[in-house]
Structures are given as C-alpha cells and as structure tokens.
Amino acid sequence: MSEPALAAGCFLYLSELALEFDWSVIGDAIPNLLDGTKMTVMITFWGLVGGFALGALTGVVRAYGPKWLSFIAQIYVAVIRGTPIVVQVMFLYFAVPLILEGVRIDALWAAIITLIVNSGAYIAEIVRGSLLSVHKGLREAGQAMGLPFHKILIHIIGPVAFRRMIPPLGNQCIISLKDSSLFIVIGVAELTRQGQEIMASNFRAVEIWSAVAIIYLLLTGALALGLRLIEKRMRML
Amino acid sequence: MSMVEFKHVTKKFGDATVLNDISLTIEAGEVVVVVGPSGSGKSTFLRCINVLETIQDGDLLVNGISVHGSDEQIREIRREAGMVFQQFNLFPQMTALENVMFGPVHTRGNSRAEARTLAESLLDKVGLAERMNHYPSELSGGQQQRVAIARALAIKPKLMLFDEPTSALDPELRHEVLQVMRTLAQEGMTMVVVTHEMEFAKGVGSRLIFIDGGKIAHDGPPAALLSDPPSQRLKDFLQHVG
C-alpha cells in the first residue's frame, strides 16, 4: 500500500472511532464526575493534611524519640506498610463497628481517616530518612551554641531536611490521590465511584473511563506542577 | 577561678579508653595549643569541654560549672565556650549574616536589630563585610571558616574552642583563618586550639599540650617544647607533621 493510501486508511479508522466516541455522553456525565472530583480532592486534601501531621510526628519520634516510643511508631509503620489500603479501609468501615459496639463510622470519615493513617506511615519514613540524612555537624553546631534540641530541630535540622523531603513527599501526594480511588469499596462517592455508577447506567465504558482517567491526570499533573514550582523556589541543600 | 579545670577525667568509647585520668587547668587569657597523633584523643579532649562528649569518670569544670550538671547548666557551659569545627558546619539555608545572627537571637535573646549590628561588625572583623549576604555554598573554605569563627564569637563566649580549624582547607586559604585566630589571641581571648599548625603553636600559643595515647605527655611553653623535644615520641611526631 502506498503511503498516502496508508495515511488515508488511518484517518478513516480514526474518524470512525471519533464518530463512535459519543461526546454527549461525557457532557451528560460531567456534573456527576465533577461531584466525584470534588469528593476525591476533599478526601485527598484532608487525608494528606492529617498524614503530614501524623507522619512528621512519627518521623521525629522514629529519628530522635525514646526507644519505647520509637518502637511503637515502628510497629505502626510496619502494620500500615504491610497491609493493602483496601483492607485497611474495609477493616475500619466494616470490622471496627463490630469490634467496638456502637461505633459507627461514616464512609467519608472512614476514607479520610484511612488516608491519614496510611499516608502518615509512608510520610513518617520520608521524614525520618530526611532528618537522619542531615550532616550531624549541623546538630553539633547548634548544640555548641547552647541551643536546646527542639530549637535545633526547628531552626537548623528541620529546614534542611524539609528541602530534601519535597520530592518524595510529592510522590506520596500523587500516590495518595490515586489510592483514594480504592475507597470505591466502601461506597464513598469519589471520582472512580461516580464513573462506575454512570457506566452502570449507560454502559459507555470508553467515554466514561477516558473522562475519569483524564480528570485524574489533570489532578496529578497539577500536583506535580505545584511541586516543581516549590522545588524551584527553594534552594536545595 | 580557672576557666577550664580537668579533674582526673576519663573518657571511654565502649571499651576503648580515649582519655585516661587527665588533670589540668586552663586560666583566662591562655592560648593552649593541643597537638598529638591522630587517634590520640585530642579532639575528644576538646569536645569534652563543651560537653559534645560526656565523660565517664572524674569532673570537668568550665567557668566553674560542672559538665555533670543539669541540661540548663550544660547549655550555660556551651554559651561560654564558642566552638569552631574542622568542617565549618555553617547552616546552609542561611546567609553568612544570618548564620552569625542566629546565636545572639536564639541563645542570647537579642533583638534582630541588635543581632544584625553585632553580626555585621563581627563579619567586618573577620574580613567578610563584602560577603555578608552570600550563602555558605557560595563561599570558599577559608571564608566559610571565618564566618564560623564570627558565628561562635557572636554568642560572646569567654572561651573559644578550635577543632582542627584549618585541616579541611587548602594551604593558601589557611593563613586567612590563622590570621583571624592570631588577632583573637592578641585581644586576650582564652583559646584551646587542636591543630597541626606548628608555626601557629610557636608564634601564638602560650602553652603547648602534647596528647599521646589518651594521656598528657607534655605540657609547657611551645618554643621550648618544639625547639628541644623532651621525648623521642614528640620528636617523631614533629618530624611527621613537618
């Protein structure tokens, strides 16, 4: 086949696909998908805010805390890293109410708490690693000035370590955002769940899952861009 | 009251005895140069003074305060003893000026304006007035070490500890650091200097201590010890450091 003929063939095939691809399906689905997007963003946002706090605390304990406390933190990290997030959220949502009678956890709360606890464990390791990577001479320089340890941590080690945390923290943000799609298993109306429900009513898998994928891509792309900007603005040390 | 008083100090790392029953006193205004083969315990000797290392036996008083005291007393010792490290250890996220201002603001509770005035005058004194707003990574080793000296002086210590301050520097950068130290000595600062710079020991030191195997082997005026070493050990050592 000659080249122009091949090109023409490809064009025909693509335009046929484009014809089959029904844009109106996406148009109709957009309000629901946007609701799902809002939910996904909210779960991820609060999950990561809590995860940063929990992870920072746990990481500091792991790096400098007393042995017994560090040991507890280590167990927490091991349990969370060693189990799938789907199991974690199902445990919290379905099993905990049976164990602790009378405790009923709303699905949205279960999702946010799971994400906090899950990302917190990974962030703890990021924080610990970054803190320990800071040259011990800086700590000694602070000690030699007569500073108490918490001031050394806040003013000297912390800022240096924080810059080193940015790339892996960014990675964790993206992972957590995508992991929130797994909360479909407890019926939280996040983006993936919305996609699933629309799909179940109109069976337009190509259109719906394309749209869902693109929305995730936009969200993670925005995160990656934001991180790139932060990294650029900070001097890496 | 002596500035520093070692009373039968013993320091161990695990089973290894690094300092073995050391006793000596350092008076205000002395410039004590500490030399010795590597692994002899000279850096440890220095680091025990500001409690970066803890001693296992005996007592050590700095400006009358024991290193066995409370955390607050240990911080008090450290505020009286400025330290300069071999690897400079400047805070990399801060400019030269911010490095020098840091101590006054955070340990002496000075206002930022006071700290800035003090830091500017100290950086001027070490010859870095032009480089105040540079980050450590933008400075040469000699410049970084001079910032580190200014940073240590900024907390107004009564005593300065130098841990091989020129060992990480190229030969041509050493003199600028040694010059600053010489000026300090001339101003009457009490100094304890661990170094291999024998010229400095001879020219600036008021007292030379030779540590060998965790003991003080010799302690006396530098000129006499260096021109006529009383032991073969010191003679050998001096030949090696040239």
# chains A, B, ... in the order shown; residues from 1 in each chain; ligands from 1
>>> residues_around(residues="range 144-153 of chain A", least_positions_apart="4", cutoff="7 Å", atoms="only C-alpha atoms", output="PDB file with N, CA and C atoms, in the first residue's frame")
ATOM      1  N   ARG A 139      23.907  19.658  63.722  1.00  0.00           N
ATOM      2  CA  ARG A 139      23.316  19.484  65.047  1.00  0.00           C
ATOM      3  C   ARG A 139      24.322  19.904  66.120  1.00  0.00           C
ATOM      4  N   GLU A 140      25.585  19.476  65.906  1.00  0.00           N
ATOM      5  CA  GLU A 140      26.617  19.822  66.886  1.00  0.00           C
ATOM      6  C   GLU A 140      26.859  21.321  66.939  1.00  0.00           C
ATOM      7  N   ILE A 157      17.977  21.670  61.734  1.00  0.00           N
ATOM      8  CA  ILE A 157      17.838  20.390  61.030  1.00  0.00           C
ATOM      9  C   ILE A 157      16.570  20.379  60.185  1.00  0.00           C
ATOM     10  N   GLY A 158      15.466  20.844  60.779  1.00  0.00           N
ATOM     11  CA  GLY A 158      14.175  20.815  60.086  1.00  0.00           C
ATOM     12  C   GLY A 158      14.197  21.461  58.703  1.00  0.00           C
TER      13      GLY A 158
ATOM     14  N   ASN B  50      33.045  21.299  75.979  1.00  0.00           N
ATOM     15  CA  ASN B  50      31.691  21.845  75.798  1.00  0.00           C
ATOM     16  C   ASN B  50      30.639  20.732  75.732  1.00  0.00           C
ATOM     17  N   ARG B  75      23.949  23.846  78.852  1.00  0.00           N
ATOM     18  CA  ARG B  75      23.756  24.896  77.847  1.00  0.00           C
ATOM     19  C   ARG B  75      24.502  26.172  78.244  1.00  0.00           C
ATOM     20  N   GLU B  76      24.557  26.423  79.572  1.00  0.00           N
ATOM     21  CA  GLU B  76      25.292  27.583  80.064  1.00  0.00           C
ATOM     22  C   GLU B  76      26.781  27.444  79.724  1.00  0.00           C
ATOM     23  N   ARG B  78      28.014  25.783  77.279  1.00  0.00           N
ATOM     24  CA  ARG B  78      28.172  25.909  75.829  1.00  0.00           C
ATOM     25  C   ARG B  78      28.083  27.358  75.370  1.00  0.00           C
ATOM     26  N   ARG B  79      27.275  28.148  76.099  1.00  0.00           N
ATOM     27  CA  ARG B  79      27.199  29.560  75.728  1.00  0.00           C
ATOM     28  C   ARG B  79      28.477  30.299  76.103  1.00  0.00           C
ATOM     29  N   GLY B  82      32.590  29.062  72.790  1.00  0.00           N
ATOM     30  CA  GLY B  82      32.287  29.030  71.352  1.00  0.00           C
ATOM     31  C   GLY B  82      33.119  27.961  70.689  1.00  0.00           C
ATOM     32  N   MET B  83      32.547  27.304  69.671  1.00  0.00           N
ATOM     33  CA  MET B  83      33.324  26.244  69.029  1.00  0.00           C
ATOM     34  C   MET B  83      33.414  26.441  67.522  1.00  0.00           C
ATOM     35  N   GLY B 103      22.907  32.821  66.653  1.00  0.00           N
ATOM     36  CA  GLY B 103      23.206  32.604  68.076  1.00  0.00           C
ATOM     37  C   GLY B 103      22.672  33.709  68.971  1.00  0.00           C
ATOM     38  N   THR B 107      20.037  32.143  71.332  1.00  0.00           N
ATOM     39  CA  THR B 107      20.545  31.719  72.641  1.00  0.00           C
ATOM     40  C   THR B 107      20.715  32.886  73.607  1.00  0.00           C
TER      41      THR B 107
END
>>> residues_around(residues="range 30-34 of chain A", least_positions_apart="5", cutoff="9 Å", atoms="only C-alpha atoms", output="short mmCIF file (atom, residue, chain, number, x, y, z; two decimals) with N, CA and C atoms, in the first residue's frame")
data_model
loop_
_atom_site.label_atom_id
_atom_site.label_comp_id
_atom_site.auth_asym_id
_atom_site.auth_seq_id
_atom_site.Cartn_x
_atom_site.Cartn_y
_atom_site.Cartn_z
N VAL A 25 -22.20 11.85 25.75
CA VAL A 25 -22.20 11.02 26.96
C VAL A 25 -21.40 11.71 28.05
N MET A 39 -15.18 15.34 45.67
CA MET A 39 -15.04 14.41 46.79
C MET A 39 -13.63 13.85 46.85
N GLU A 190 -16.58 9.11 45.53
CA GLU A 190 -15.45 9.82 44.92
C GLU A 190 -15.46 9.57 43.41
N LEU A 191 -14.46 10.06 42.74
CA LEU A 191 -14.47 10.10 41.28
C LEU A 191 -14.64 8.73 40.63
N THR A 192 -13.89 7.76 41.09
CA THR A 192 -13.97 6.43 40.47
C THR A 192 -15.36 5.82 40.67
N GLN A 194 -18.15 7.47 41.08
CA GLN A 194 -19.08 8.18 40.19
C GLN A 194 -19.01 7.61 38.79
N GLY A 195 -17.77 7.38 38.33
CA GLY A 195 -17.58 6.81 36.99
C GLY A 195 -18.27 5.46 36.89
N ILE A 198 -22.11 5.87 36.69
CA ILE A 198 -22.59 6.36 35.39
C ILE A 198 -22.50 5.23 34.37
N ALA A 211 -12.80 9.80 30.39
CA ALA A 211 -13.00 11.06 31.11
C ALA A 211 -12.43 10.98 32.52
N VAL A 212 -12.71 9.86 33.19
CA VAL A 212 -12.21 9.70 34.57
C VAL A 212 -10.69 9.73 34.58
N ILE A 215 -9.39 13.22 34.13
CA ILE A 215 -9.52 14.05 35.34
C ILE A 215 -8.41 13.71 36.34
#
>>> closest_residue(among="B:Ala119, B:Leu159, B:Ile65, B:Ile209", to="Phe102 in chain B", atoms="only C-alpha atoms")
B:Ala119
>>> select_by_dssp(residues="range 19-203 of chain A", states="alpha helix (DSSP H)", output="number ranges by chain")
A: 19-20, 23-64, 67-81, 85-90, 96-99, 107-133, 136-144, 149-151, 158-179, 191-202
>>> residues_around(residues="range 160-169 of chain A", least_positions_apart="5", cutoff="9 Å", atoms="only C-alpha atoms", output="NGL selection string")
(:A and (123 or 126-127 or 129-134 or 155 or 174 or 227-228 or 230-231 or 234-237)) or (:B and (91-93))
>>> closest_atom_pairs(of="chain B", to="chain A", cutoff="12 Å", atoms="only C-alpha atoms", output="JSON lines")
{"residue": "B:Leu46", "atom": "CA", "partner": "A:Ala144", "partner_atom": "CA", "distance": 11.8}
{"residue": "B:Arg47", "atom": "CA", "partner": "A:Ala144", "partner_atom": "CA", "distance": 9.4}
{"residue": "B:Cys48", "atom": "CA", "partner": "A:Ala144", "partner_atom": "CA", "distance": 11.2}
{"residue": "B:Ile49", "atom": "CA", "partner": "A:Ala144", "partner_atom": "CA", "distance": 10.4}
{"residue": "B:Asn50", "atom": "CA", "partner": "A:Ala144", "partner_atom": "CA", "distance": 6.8}
{"residue": "B:Val51", "atom": "CA", "partner": "A:Ala144", "partner_atom": "CA", "distance": 8.3}
{"residue": "B:Leu52", "atom": "CA", "partner": "A:Glu140", "partner_atom": "CA", "distance": 7.3}
{"residue": "B:Glu53", "atom": "CA", "partner": "A:Glu140", "partner_atom": "CA", "distance": 10.6}
{"residue": "B:Asp71", "atom": "CA", "partner": "A:Pro148", "partner_atom": "CA", "distance": 8.5}
{"residue": "B:Glu72", "atom": "CA", "partner": "A:Pro148", "partner_atom": "CA", "distance": 8.6}
{"residue": "B:Gln73", "atom": "CA", "partner": "A:Gly146", "partner_atom": "CA", "distance": 9.6}
{"residue": "B:Ile74", "atom": "CA", "partner": "A:Gly146", "partner_atom": "CA", "distance": 7.6}
{"residue": "B:Arg75", "atom": "CA", "partner": "A:Gly146", "partner_atom": "CA", "distance": 4.3}
{"residue": "B:Glu76", "atom": "CA", "partner": "A:Gly146", "partner_atom": "CA", "distance": 6.6}
{"residue": "B:Ile77", "atom": "CA", "partner": "A:Gly146", "partner_atom": "CA", "distance": 7.6}
{"residue": "B:Arg78", "atom": "CA", "partner": "A:Gly146", "partner_atom": "CA", "distance": 4.8}
{"residue": "B:Arg79", "atom": "CA", "partner": "A:Gly146", "partner_atom": "CA", "distance": 5.2}
{"residue": "B:Glu80", "atom": "CA", "partner": "A:Met145", "partner_atom": "CA", "distance": 8.7}
{"residue": "B:Ala81", "atom": "CA", "partner": "A:Ala144", "partner_atom": "CA", "distance": 7.6}
{"residue": "B:Gly82", "atom": "CA", "partner": "A:Met145", "partner_atom": "CA", "distance": 6.7}
{"residue": "B:Met83", "atom": "CA", "partner": "A:Ala144", "partner_atom": "CA", "distance": 6.3}
{"residue": "B:Val84", "atom": "CA", "partner": "A:Ala141", "partner_atom": "CA", "distance": 8.3}
{"residue": "B:Phe85", "atom": "CA", "partner": "A:Ala141", "partner_atom": "CA", "distance": 8.0}
{"residue": "B:Gln86", "atom": "CA", "partner": "A:Gly137", "partner_atom": "CA", "distance": 9.6}
{"residue": "B:Gln87", "atom": "CA", "partner": "A:Gly137", "partner_atom": "CA", "distance": 7.7}
{"residue": "B:Phe88", "atom": "CA", "partner": "A:Gly137", "partner_atom": "CA", "distance": 8.3}
{"residue": "B:Asn89", "atom": "CA", "partner": "A:Leu138", "partner_atom": "CA", "distance": 5.4}
{"residue": "B:Leu90", "atom": "CA", "partner": "A:Leu138", "partner_atom": "CA", "distance": 7.0}
{"residue": "B:Phe91", "atom": "CA", "partner": "A:Leu138", "partner_atom": "CA", "distance": 6.6}
{"residue": "B:Pro92", "atom": "CA", "partner": "A:Leu237", "partner_atom": "CA", "distance": 6.6}
{"residue": "B:Gln93", "atom": "CA", "partner": "A:Val160", "partner_atom": "CA", "distance": 6.7}
{"residue": "B:Met94", "atom": "CA", "partner": "A:Ile156", "partner_atom": "CA", "distance": 9.4}
{"residue": "B:Thr95", "atom": "CA", "partner": "A:Arg235", "partner_atom": "CA", "distance": 11.9}
{"residue": "B:Glu98", "atom": "CA", "partner": "A:His155", "partner_atom": "CA", "distance": 11.7}
{"residue": "B:Asn99", "atom": "CA", "partner": "A:Ile156", "partner_atom": "CA", "distance": 10.3}
{"residue": "B:Val100", "atom": "CA", "partner": "A:Met145", "partner_atom": "CA", "distance": 11.1}
{"residue": "B:Met101", "atom": "CA", "partner": "A:Met145", "partner_atom": "CA", "distance": 11.9}
{"residue": "B:Phe102", "atom": "CA", "partner": "A:His155", "partner_atom": "CA", "distance": 9.3}
{"residue": "B:Gly103", "atom": "CA", "partner": "A:Met145", "partner_atom": "CA", "distance": 6.5}
{"residue": "B:Pro104", "atom": "CA", "partner": "A:Met145", "partner_atom": "CA", "distance": 9.4}
{"residue": "B:Val105", "atom": "CA", "partner": "A:Leu147", "partner_atom": "CA", "distance": 10.9}
{"residue": "B:His106", "atom": "CA", "partner": "A:Leu147", "partner_atom": "CA", "distance": 7.4}
{"residue": "B:Thr107", "atom": "CA", "partner": "A:Leu147", "partner_atom": "CA", "distance": 6.1}
{"residue": "B:Arg108", "atom": "CA", "partner": "A:Gly146", "partner_atom": "CA", "distance": 9.5}
{"residue": "B:Gly109", "atom": "CA", "partner": "A:Leu147", "partner_atom": "CA", "distance": 11.4}
{"residue": "B:Tyr135", "atom": "CA", "partner": "A:Arg235", "partner_atom": "CA", "distance": 10.3}
{"residue": "B:Pro136", "atom": "CA", "partner": "A:Leu237", "partner_atom": "CA", "distance": 10.5}
{"residue": "B:Ser137", "atom": "CA", "partner": "A:Leu237", "partner_atom": "CA", "distance": 9.0}
{"residue": "B:Ala148", "atom": "CA", "partner": "A:Ala141", "partner_atom": "CA", "distance": 9.4}
{"residue": "B:Ile149", "atom": "CA", "partner": "A:Ala141", "partner_atom": "CA", "distance": 11.6}
{"residue": "B:Arg151", "atom": "CA", "partner": "A:Met145", "partner_atom": "CA", "distance": 9.1}
{"residue": "B:Ala152", "atom": "CA", "partner": "A:Met145", "partner_atom": "CA", "distance": 7.4}
{"residue": "B:Leu153", "atom": "CA", "partner": "A:Met145", "partner_atom": "CA", "distance": 10.0}
{"residue": "B:Ala154", "atom": "CA", "partner": "A:Met145", "partner_atom": "CA", "distance": 9.7}
{"residue": "B:Ile155", "atom": "CA", "partner": "A:Met145", "partner_atom": "CA", "distance": 7.3}
{"residue": "B:Lys156", "atom": "CA", "partner": "A:Met145", "partner_atom": "CA", "distance": 10.3}
{"residue": "B:Pro157", "atom": "CA", "partner": "A:Met145", "partner_atom": "CA", "distance": 9.4}
{"residue": "B:Met160", "atom": "CA", "partner": "A:Ala144", "partner_atom": "CA", "distance": 10.9}
{"residue": "B:Leu161", "atom": "CA", "partner": "A:Ala144", "partner_atom": "CA", "distance": 9.9}
{"residue": "B:Phe162", "atom": "CA", "partner": "A:Ala144", "partner_atom": "CA", "distance": 11.7}
>>> closest_residue(among="B:Asn133, B:Ser23, B:Ser227, B:Ser2", to="Asp57 in chain B", atoms="only C-alpha atoms")
B:Ser23
>>> select_by_dssp(residues="range 31-146 of chain B", states="strand (DSSP E)", output="PyMOL selection string")
chain B and resi 31-35+57-62+65-66+81-84
>>> atom_distance(atom1="CA of Gly51 in chain A", atom2="CA of Trp109 in chain A")
14.1 Å
>>> residues_around(residues="Val4 in chain B", least_positions_apart="3", cutoff="8 Å", atoms="only C-alpha atoms", output="list in words")
Thr25, Ile26, Glu27, Ile49, Leu60, Leu61, Val62, Asn63 and Gly64 of chain B
>>> atom_distance(atom1="CA of Leu169 in chain B", atom2="CA of Gly142 in chain B")
6.6 Å
>>> closest_residue(among="B:Ala223, B:Val126, B:Leu208, B:Met191", to="Val177 in chain B", atoms="only C-alpha atoms")
B:Val126
>>> residues_around(residues="Arg104 in chain A", least_positions_apart="6", cutoff="12 Å", atoms="only C-alpha atoms", output="PyMOL selection string")
chain A and resi 92-98+110
>>> write_last_selection(atoms="C-alpha atoms", output="short mmCIF file (atom, residue, chain, number, x, y, z; two decimals), in the first residue's frame")
data_model
loop_
_atom_site.label_atom_id
_atom_site.label_comp_id
_atom_site.auth_asym_id
_atom_site.auth_seq_id
_atom_site.Cartn_x
_atom_site.Cartn_y
_atom_site.Cartn_z
CA LEU A 92 -12.10 0.43 59.62
CA TYR A 93 -15.51 0.63 57.94
CA PHE A 94 -16.86 -2.90 58.39
CA ALA A 95 -14.83 -4.57 61.16
CA VAL A 96 -14.29 -1.79 63.69
CA PRO A 97 -18.05 -1.23 64.27
CA LEU A 98 -18.34 -4.94 65.10
CA ALA A 110 -13.54 6.17 57.13
#
>>> decode(residues="range 60-120 of chain B", atoms="C-alpha atoms", output="PDB file, in the first residue's frame")
ATOM      1  CA  LEU B  60      35.372  18.834  84.449  1.00  0.00           C
ATOM      2  CA  LEU B  61      34.525  22.422  85.342  1.00  0.00           C
ATOM      3  CA  VAL B  62      34.088  25.146  82.759  1.00  0.00           C
ATOM      4  CA  ASN B  63      33.903  28.651  84.182  1.00  0.00           C
ATOM      5  CA  GLY B  64      33.082  26.939  87.474  1.00  0.00           C
ATOM      6  CA  ILE B  65      30.194  24.864  86.112  1.00  0.00           C
ATOM      7  CA  SER B  66      30.445  21.060  86.128  1.00  0.00           C
ATOM      8  CA  VAL B  67      29.743  19.079  82.967  1.00  0.00           C
ATOM      9  CA  HIS B  68      27.778  16.712  85.191  1.00  0.00           C
ATOM     10  CA  GLY B  69      25.180  19.436  85.787  1.00  0.00           C
ATOM     11  CA  SER B  70      21.630  19.852  84.544  1.00  0.00           C
ATOM     12  CA  ASP B  71      20.736  20.356  80.877  1.00  0.00           C
ATOM     13  CA  GLU B  72      20.435  24.069  81.558  1.00  0.00           C
ATOM     14  CA  GLN B  73      23.895  24.160  83.148  1.00  0.00           C
ATOM     15  CA  ILE B  74      25.330  22.320  80.162  1.00  0.00           C
ATOM     16  CA  ARG B  75      23.756  24.896  77.847  1.00  0.00           C
ATOM     17  CA  GLU B  76      25.292  27.583  80.064  1.00  0.00           C
ATOM     18  CA  ILE B  77      28.734  25.983  79.571  1.00  0.00           C
ATOM     19  CA  ARG B  78      28.172  25.909  75.829  1.00  0.00           C
ATOM     20  CA  ARG B  79      27.199  29.560  75.728  1.00  0.00           C
ATOM     21  CA  GLU B  80      30.501  30.358  77.452  1.00  0.00           C
ATOM     22  CA  ALA B  81      32.509  28.195  75.040  1.00  0.00           C
ATOM     23  CA  GLY B  82      32.287  29.030  71.352  1.00  0.00           C
ATOM     24  CA  MET B  83      33.324  26.244  69.029  1.00  0.00           C
ATOM     25  CA  VAL B  84      34.844  26.191  65.567  1.00  0.00           C
ATOM     26  CA  PHE B  85      34.721  22.890  63.704  1.00  0.00           C
ATOM     27  CA  GLN B  86      37.017  21.310  61.155  1.00  0.00           C
ATOM     28  CA  GLN B  87      34.139  21.067  58.665  1.00  0.00           C
ATOM     29  CA  PHE B  88      32.827  24.615  59.415  1.00  0.00           C
ATOM     30  CA  ASN B  89      29.259  23.324  59.897  1.00  0.00           C
ATOM     31  CA  LEU B  90      27.636  26.546  58.767  1.00  0.00           C
ATOM     32  CA  PHE B  91      23.867  26.420  58.436  1.00  0.00           C
ATOM     33  CA  PRO B  92      23.456  26.005  54.670  1.00  0.00           C
ATOM     34  CA  GLN B  93      19.983  27.525  54.442  1.00  0.00           C
ATOM     35  CA  MET B  94      21.169  30.832  55.918  1.00  0.00           C
ATOM     36  CA  THR B  95      23.396  33.574  54.551  1.00  0.00           C
ATOM     37  CA  ALA B  96      26.673  34.416  56.279  1.00  0.00           C
ATOM     38  CA  LEU B  97      24.924  37.244  58.098  1.00  0.00           C
ATOM     39  CA  GLU B  98      22.024  35.027  59.192  1.00  0.00           C
ATOM     40  CA  ASN B  99      24.467  32.390  60.419  1.00  0.00           C
ATOM     41  CA  VAL B 100      26.185  34.923  62.659  1.00  0.00           C
ATOM     42  CA  MET B 101      22.893  36.478  63.823  1.00  0.00           C
ATOM     43  CA  PHE B 102      21.451  33.092  64.726  1.00  0.00           C
ATOM     44  CA  GLY B 103      23.206  32.604  68.076  1.00  0.00           C
ATOM     45  CA  PRO B 104      22.523  36.064  69.504  1.00  0.00           C
ATOM     46  CA  VAL B 105      18.836  35.798  68.568  1.00  0.00           C
ATOM     47  CA  HIS B 106      18.205  32.229  69.692  1.00  0.00           C
ATOM     48  CA  THR B 107      20.545  31.719  72.641  1.00  0.00           C
ATOM     49  CA  ARG B 108      21.123  35.232  73.954  1.00  0.00           C
ATOM     50  CA  GLY B 109      17.623  36.525  73.249  1.00  0.00           C
ATOM     51  CA  ASN B 110      18.897  39.635  71.443  1.00  0.00           C
ATOM     52  CA  SER B 111      16.549  41.525  69.135  1.00  0.00           C
ATOM     53  CA  ARG B 112      17.139  41.030  65.434  1.00  0.00           C
ATOM     54  CA  ALA B 113      18.329  44.624  65.114  1.00  0.00           C
ATOM     55  CA  GLU B 114      20.930  44.183  67.876  1.00  0.00           C
ATOM     56  CA  ALA B 115      21.994  40.850  66.424  1.00  0.00           C
ATOM     57  CA  ARG B 116      22.378  42.347  62.981  1.00  0.00           C
ATOM     58  CA  THR B 117      24.603  45.169  64.222  1.00  0.00           C
ATOM     59  CA  LEU B 118      26.746  42.690  66.131  1.00  0.00           C
ATOM     60  CA  ALA B 119      26.917  40.258  63.215  1.00  0.00           C
ATOM     61  CA  GLU B 120      27.881  42.973  60.764  1.00  0.00           C
TER      62      GLU B 120
END
